[in-house]
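J.: Got a structure here, written out as structure tokens. Questions coming.
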Amino acid sequence: MTPEIYINSAKQISVQKPLSEEWFAEPILYNEQYVRAIDPDYKDFFTPNEARRLGKILKRALLVSRQAMAGNTPEAIITGTGLGCIENTEFFLKDLTFNGEELLKPTHFMNSTHNTISSLVAIDIHCHAYNSTYSHKSVSFENALLDAFLQIKSRKISNALVGAHDEMTPDYFTLLQRIGYFGNGNFAGETAVAMLLENEKNENSLCKIENIEIFYGNIENIELKFTQNIDYVMIGINGNSANDKIYFENCRKIFPDVPLLQYKNIFGESYTTSAFGIYAAAVCLQKSKIPEHLFFDKKNISQPKTPRNILIYNHFENKNHSFVRLSV
């Protein structure tokens with residue numbers, strides 16, 4: 001018998017109140033397009049020496065990972081990131097541009113790679129187990145989650161710490177804005193999410209992961225294995241008409257009568273923001289309730305169904321499609 005897989009802990013730092021679930025009842029709403037994450041007071045969690053040598057994304061990743069582990073030692077550390085440590089990369093390249101090859105700061109170079117995040121977490125907890133990083137734009141987190149899912153299912157490991165981490169610098173936001181990535185209502189956010197997956201349920205479990213499927217190409221050629229008995233579909237609509245049109249068309253074909261939920265209206269957009277969709281759905285299942293601000297169609301608020309099965313569907317440019325089914 002293959003083991004079940006549960007999300008037994010999840011922590012976040014985002015544009016909502018960090019390390020908190022206050023977004024569930026009282027979300028912070030934004031009108032501007034460029035929003036950076038709300039950082040906690042790191043003096044409460046790091047020594048001055050640690051804080052000085054770690055950039056924002058590394059502080060966030062290390063903190064949510066420490067808290068999500070809740071005293072456990074993971075048998076695998078798997079990270080999804082679209083941009084990696086982009087701020088440190090920019091610092092290093094700017095120093096290189098303006099100072100030539102003199103007076104370069106080695107810390108910015110050492111902390112500029114994508115796999116720095118997983119490596120830092122492993123070093124911090126003295127974990128010598130499986131360690132991997134996935135960087136596949138908008139399906140980076142789903143690939144990391146699928147890796148952990150398959151390893152636990154095949155009994156290679158019994159638990160895994162899975163993270164999603166991305167930052168949005170002013171320079172990179174400007175570049176994305178120029179090519180039309182932001183506009184028509186969507187706004188940029190930042191991601192720091194860590195989840196502890198285990199093969200046993202406990203009193204703190206949020207939900208069970210039923211299945212994960214990732215596809216590339218035309219969704220009309222896709223045959224999903226789990227479309228029955230779904231209470232809600234959480235989709236990555238963000239206010240951009242071209243992006244949202246794909247969701248509406250595909251959901252009408254595959255889930256014509258299932259209420260739609262949203263999450264980017266409160267967490268914003270990044271390459272790994274899909275982790276917030278899974279995180280938000282998991283919290284809803286744990287609390288047996290859907291907050292009003294997550295409903296896309298407000299007519300479903302008056303007679304809400306108690307959530308027991310939620311499917312999270314995300315796409316990127318109608319090419320990469322991911323489906324993650326969660327249940328109580």
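Residues are named by chain letter and number: chains run A, B, ... in the order of the structure tokens, numbers start at 1 in each chain, and ligands are numbered from 1 in the order shown.
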Can you pull out the residues contacting A:Cys284? Cut-off 10 Å, using only C-alpha atoms, and skip same-chain residues under 3 positions away; I want them as a count of residues only.

T.: 18

J.: Applying 8 Å and only C-alpha atoms, which residues near stretch 88-101 of chain A remain after dropping the ones on its own chain fewer than 3 positions away? List them as a PDB file with all heavy atoms, in the first residue's frame.

T.:
```
ATOM      1  N   GLY A  55      21.065  38.088   2.542  1.00  0.00           N
ATOM      2  CA  GLY A  55      20.152  38.974   1.836  1.00  0.00           C
ATOM      3  C   GLY A  55      18.713  38.677   2.230  1.00  0.00           C
ATOM      4  O   GLY A  55      18.428  37.733   2.980  1.00  0.00           O
ATOM      5  N   CYS A  85      18.467  34.004  -6.185  1.00  0.00           N
ATOM      6  CA  CYS A  85      18.849  35.170  -5.382  1.00  0.00           C
ATOM      7  C   CYS A  85      19.141  36.348  -6.318  1.00  0.00           C
ATOM      8  O   CYS A  85      20.293  36.806  -6.440  1.00  0.00           O
ATOM      9  CB  CYS A  85      20.051  34.847  -4.514  1.00  0.00           C
ATOM     10  SG  CYS A  85      19.783  33.440  -3.408  1.00  0.00           S
ATOM     11  N   LEU A 104      35.377  43.737  -5.546  1.00  0.00           N
ATOM     12  CA  LEU A 104      34.144  42.957  -5.606  1.00  0.00           C
ATOM     13  C   LEU A 104      33.897  42.266  -4.269  1.00  0.00           C
ATOM     14  O   LEU A 104      34.835  41.795  -3.619  1.00  0.00           O
ATOM     15  CB  LEU A 104      34.238  41.917  -6.720  1.00  0.00           C
ATOM     16  CG  LEU A 104      34.378  42.474  -8.141  1.00  0.00           C
ATOM     17  CD1 LEU A 104      34.497  41.333  -9.138  1.00  0.00           C
ATOM     18  CD2 LEU A 104      33.203  43.373  -8.485  1.00  0.00           C
ATOM     19  N   LYS A 105      32.648  42.202  -3.883  1.00  0.00           N
ATOM     20  CA  LYS A 105      32.283  41.592  -2.603  1.00  0.00           C
ATOM     21  C   LYS A 105      31.986  40.113  -2.821  1.00  0.00           C
ATOM     22  O   LYS A 105      31.032  39.761  -3.524  1.00  0.00           O
ATOM     23  CB  LYS A 105      31.067  42.297  -2.012  1.00  0.00           C
ATOM     24  CG  LYS A 105      31.315  43.764  -1.710  1.00  0.00           C
ATOM     25  CD  LYS A 105      30.054  44.463  -1.235  1.00  0.00           C
ATOM     26  CE  LYS A 105      30.320  45.943  -0.988  1.00  0.00           C
ATOM     27  NZ  LYS A 105      29.093  46.667  -0.585  1.00  0.00           N
ATOM     28  N   HIS A 108      28.280  38.616  -2.151  1.00  0.00           N
ATOM     29  CA  HIS A 108      27.241  38.755  -3.176  1.00  0.00           C
ATOM     30  C   HIS A 108      27.370  37.681  -4.240  1.00  0.00           C
ATOM     31  O   HIS A 108      26.374  37.163  -4.744  1.00  0.00           O
ATOM     32  CB  HIS A 108      27.322  40.139  -3.820  1.00  0.00           C
ATOM     33  CG  HIS A 108      26.868  41.241  -2.934  1.00  0.00           C
ATOM     34  ND1 HIS A 108      27.253  42.554  -3.110  1.00  0.00           N
ATOM     35  CD2 HIS A 108      26.059  41.236  -1.846  1.00  0.00           C
ATOM     36  CE1 HIS A 108      26.706  43.308  -2.181  1.00  0.00           C
ATOM     37  NE2 HIS A 108      25.973  42.539  -1.398  1.00  0.00           N
ATOM     38  N   PHE A 109      28.595  37.329  -4.593  1.00  0.00           N
ATOM     39  CA  PHE A 109      28.796  36.279  -5.597  1.00  0.00           C
ATOM     40  C   PHE A 109      28.402  34.915  -5.051  1.00  0.00           C
ATOM     41  O   PHE A 109      27.683  34.149  -5.703  1.00  0.00           O
ATOM     42  CB  PHE A 109      30.254  36.260  -6.054  1.00  0.00           C
ATOM     43  CG  PHE A 109      30.570  35.130  -6.997  1.00  0.00           C
ATOM     44  CD1 PHE A 109      30.109  35.147  -8.301  1.00  0.00           C
ATOM     45  CD2 PHE A 109      31.310  34.045  -6.558  1.00  0.00           C
ATOM     46  CE1 PHE A 109      30.388  34.094  -9.162  1.00  0.00           C
ATOM     47  CE2 PHE A 109      31.597  32.994  -7.413  1.00  0.00           C
ATOM     48  CZ  PHE A 109      31.135  33.023  -8.719  1.00  0.00           C
ATOM     49  N   ASN A 111      26.354  34.155  -2.746  1.00  0.00           N
ATOM     50  CA  ASN A 111      24.918  34.048  -2.456  1.00  0.00           C
ATOM     51  C   ASN A 111      24.060  34.452  -3.646  1.00  0.00           C
ATOM     52  O   ASN A 111      22.930  34.900  -3.481  1.00  0.00           O
ATOM     53  CB  ASN A 111      24.554  34.927  -1.253  1.00  0.00           C
ATOM     54  CG  ASN A 111      25.120  34.397   0.040  1.00  0.00           C
ATOM     55  OD1 ASN A 111      25.482  33.233   0.132  1.00  0.00           O
ATOM     56  ND2 ASN A 111      25.186  35.240   1.058  1.00  0.00           N
ATOM     57  N   SER A 112      24.566  34.298  -4.846  1.00  0.00           N
ATOM     58  CA  SER A 112      23.822  34.742  -6.023  1.00  0.00           C
ATOM     59  C   SER A 112      23.213  33.609  -6.839  1.00  0.00           C
ATOM     60  O   SER A 112      22.447  33.856  -7.759  1.00  0.00           O
ATOM     61  CB  SER A 112      24.735  35.566  -6.940  1.00  0.00           C
ATOM     62  OG  SER A 112      25.771  34.756  -7.476  1.00  0.00           O
ATOM     63  N   THR A 113      23.531  32.356  -6.513  1.00  0.00           N
ATOM     64  CA  THR A 113      23.051  31.249  -7.335  1.00  0.00           C
ATOM     65  C   THR A 113      21.679  30.763  -6.864  1.00  0.00           C
ATOM     66  O   THR A 113      21.265  30.997  -5.735  1.00  0.00           O
ATOM     67  CB  THR A 113      24.041  30.074  -7.292  1.00  0.00           C
ATOM     68  OG1 THR A 113      24.155  29.613  -5.945  1.00  0.00           O
ATOM     69  CG2 THR A 113      25.415  30.506  -7.789  1.00  0.00           C
TER      70      THR A 113
END
```

J.: Write out as an NGL selection string each polymer residue whose atoms come within 10 Å of stretch 264-272 of chain A, counting only C-alpha atoms; drop sequence neighbours fewer than 3 positions from it.

T.: :A and (14-16 or 23-24 or 27-30 or 33-37 or 80-83 or 135-142 or 163-168 or 181-182 or 185-193 or 235-239 or 261 or 275-277 or 280 or 293-294 or 296 or 316)

J.: Please produce an output containing C-alpha atoms for each residue in the selection, written as a short mmCIF file (atom, residue, chain, number, x, y, z; two decimals), in the first residue's frame.

T.:
```
data_model
loop_
_atom_site.label_atom_id
_atom_site.label_comp_id
_atom_site.auth_asym_id
_atom_site.auth_seq_id
_atom_site.Cartn_x
_atom_site.Cartn_y
_atom_site.Cartn_z
CA SER A 14 4.58 37.59 1.69
CA VAL A 15 2.83 40.88 1.02
CA GLN A 16 0.44 39.78 3.78
CA TRP A 23 -4.82 37.13 5.65
CA PHE A 24 -7.59 34.55 6.08
CA PRO A 27 -6.21 40.52 4.18
CA ILE A 28 -4.15 43.54 3.26
CA LEU A 29 -5.34 44.87 -0.10
CA TYR A 30 -3.14 46.71 -2.60
CA GLN A 33 1.55 47.34 -9.05
CA TYR A 34 4.87 46.94 -7.25
CA VAL A 35 4.69 45.52 -3.74
CA ARG A 36 7.49 43.97 -1.70
CA ALA A 37 7.00 41.42 1.05
CA GLY A 80 11.43 25.85 -6.31
CA THR A 81 12.59 29.30 -7.45
CA GLY A 82 12.16 31.16 -10.69
CA LEU A 83 14.81 33.83 -10.16
CA SER A 135 14.09 26.58 -11.58
CA HIS A 136 11.42 26.30 -14.27
CA LYS A 137 9.75 29.70 -14.23
CA SER A 138 6.12 29.41 -13.11
CA VAL A 139 6.19 25.63 -12.51
CA SER A 140 9.29 25.70 -10.32
CA PHE A 141 7.38 25.01 -7.12
CA GLU A 142 5.16 22.36 -8.66
CA GLY A 163 10.00 25.62 -0.36
CA ALA A 164 9.08 28.31 -2.87
CA HIS A 165 11.20 31.46 -2.86
CA ASP A 166 11.36 34.50 -5.14
CA GLU A 167 11.99 38.20 -4.73
CA MET A 168 11.05 41.08 -7.02
CA TYR A 181 4.05 41.14 -17.77
CA PHE A 182 2.37 43.50 -15.30
CA GLY A 185 -4.90 44.87 -12.69
CA ASN A 186 -2.24 42.38 -11.59
CA PHE A 187 0.48 43.33 -9.14
CA ALA A 188 3.92 42.00 -8.29
CA GLY A 189 4.52 40.15 -5.05
CA GLU A 190 7.29 38.16 -3.42
CA THR A 191 7.28 34.54 -2.28
CA ALA A 192 8.66 32.76 0.74
CA VAL A 193 6.74 29.59 1.55
CA ILE A 235 -7.05 29.31 -10.15
CA GLY A 236 -4.27 31.82 -10.79
CA ILE A 237 -6.33 34.67 -12.20
CA ASN A 238 -4.58 37.99 -11.65
CA GLY A 239 -6.58 40.67 -13.44
CA LEU A 261 -11.47 30.57 -6.08
CA ALA A 275 2.79 28.04 -3.85
CA PHE A 276 0.42 30.55 -2.23
CA GLY A 277 -2.49 28.95 -4.09
CA ALA A 280 -4.21 29.08 0.81
CA HIS A 293 -12.16 37.41 -0.53
CA LEU A 294 -11.05 34.13 -2.12
CA PHE A 296 -14.09 34.71 -7.62
CA PHE A 316 1.92 30.07 -17.62
#
```

J.: Which of these residues is nearest to A:Asn202, using only C-alpha atoms: A:Ile77, A:Leu260, A:Ser9, A:Pro3?

T.: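 Residue with the minimum atom-to-atom distance to A:Asn202: A:Ser9.
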
J.: Hey, what does DSSP flag as helix (DSSP H, G or I) within stretch 91-311 of chain A? Can you give it to me as a PyMOL selection string?

T.: chain A and resi 91-99+106-110+116-125+137-153+170-178+219-221+241-254+264-267+274-287+292-294+298-300

J.: Let me make sure I understand: among A:Leu145, A:Ile214, A:Ile230, A:Ile152, which one has the smallest atom-to-atom distance to A:Asn320 if we use only C-alpha atoms?

T.: A:Ile214

J.: Could you name the residues that touch A:Glu4 at 10 Å or less, counting only C-alpha atoms, but leaving out those on the same chain fewer than 2 positions away, as a ChimeraX atom specification?

T.: /A:1-2,6,149,152-153,198-201,208-210

J.: Those selected residues, please, written with C-alpha atoms and delivered as a PDB file, in the first residue's frame.

T.:
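What follows is the written file again14.pdb:
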```pdb
ATOM      1  CA  MET A   1       0.000   0.000   0.000  1.00  0.00           C
ATOM      2  CA  THR A   2       1.464   3.340  -1.035  1.00  0.00           C
ATOM      3  CA  TYR A   6       0.137  15.246   4.218  1.00  0.00           C
ATOM      4  CA  PHE A 149       5.549  13.618  -3.632  1.00  0.00           C
ATOM      5  CA  ILE A 152       7.535   9.759  -0.407  1.00  0.00           C
ATOM      6  CA  LYS A 153       5.145   7.651  -2.485  1.00  0.00           C
ATOM      7  CA  GLU A 198       5.107  13.759   5.793  1.00  0.00           C
ATOM      8  CA  ASN A 199       3.688  10.292   5.261  1.00  0.00           C
ATOM      9  CA  GLU A 200       1.722  10.355   8.517  1.00  0.00           C
ATOM     10  CA  LYS A 201      -1.081  12.624   9.623  1.00  0.00           C
ATOM     11  CA  LYS A 208      -3.614  15.572   2.233  1.00  0.00           C
ATOM     12  CA  ILE A 209      -2.027  15.832  -1.229  1.00  0.00           C
ATOM     13  CA  GLU A 210      -4.027  13.508  -3.469  1.00  0.00           C
TER      14      GLU A 210
END
```

J.: Would you mind reading off the distance between atom CA of A:Ala160 and atom CA of A:Glu223, one decimal, in Å?

T.: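 So the answer is 28.7 Å.
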
J.: Could you give me the residues within stretch 217-291 of chain A that DSSP places in strand (DSSP E), as a VMD selection string?

T.: chain A and resid 232 to 235 260 to 262

J.: Filtering to C-alpha atoms, could you give me those residues as a PDB file, in the first residue's frame?

T.:
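Okay, out-v9.pdb is ready:
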```pdb
ATOM      1  CA  TYR A 232     -13.659  24.164  -5.534  1.00  0.00           C
ATOM      2  CA  VAL A 233     -11.029  25.013  -8.142  1.00  0.00           C
ATOM      3  CA  MET A 234      -8.380  27.524  -7.066  1.00  0.00           C
ATOM      4  CA  ILE A 235      -7.047  29.306 -10.150  1.00  0.00           C
ATOM      5  CA  LEU A 260     -13.830  29.142  -8.705  1.00  0.00           C
ATOM      6  CA  LEU A 261     -11.470  30.565  -6.082  1.00  0.00           C
ATOM      7  CA  GLN A 262      -8.601  33.046  -6.423  1.00  0.00           C
TER       8      GLN A 262
END
```

J.: Taking into account only C-alpha atoms, which residue in the set A:Met195, A:Ala76, A:Ile219, A:Met69 is nearest to A:Glu317?

T.: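 Smallest separation from A:Glu317 among the options: A:Ile219.
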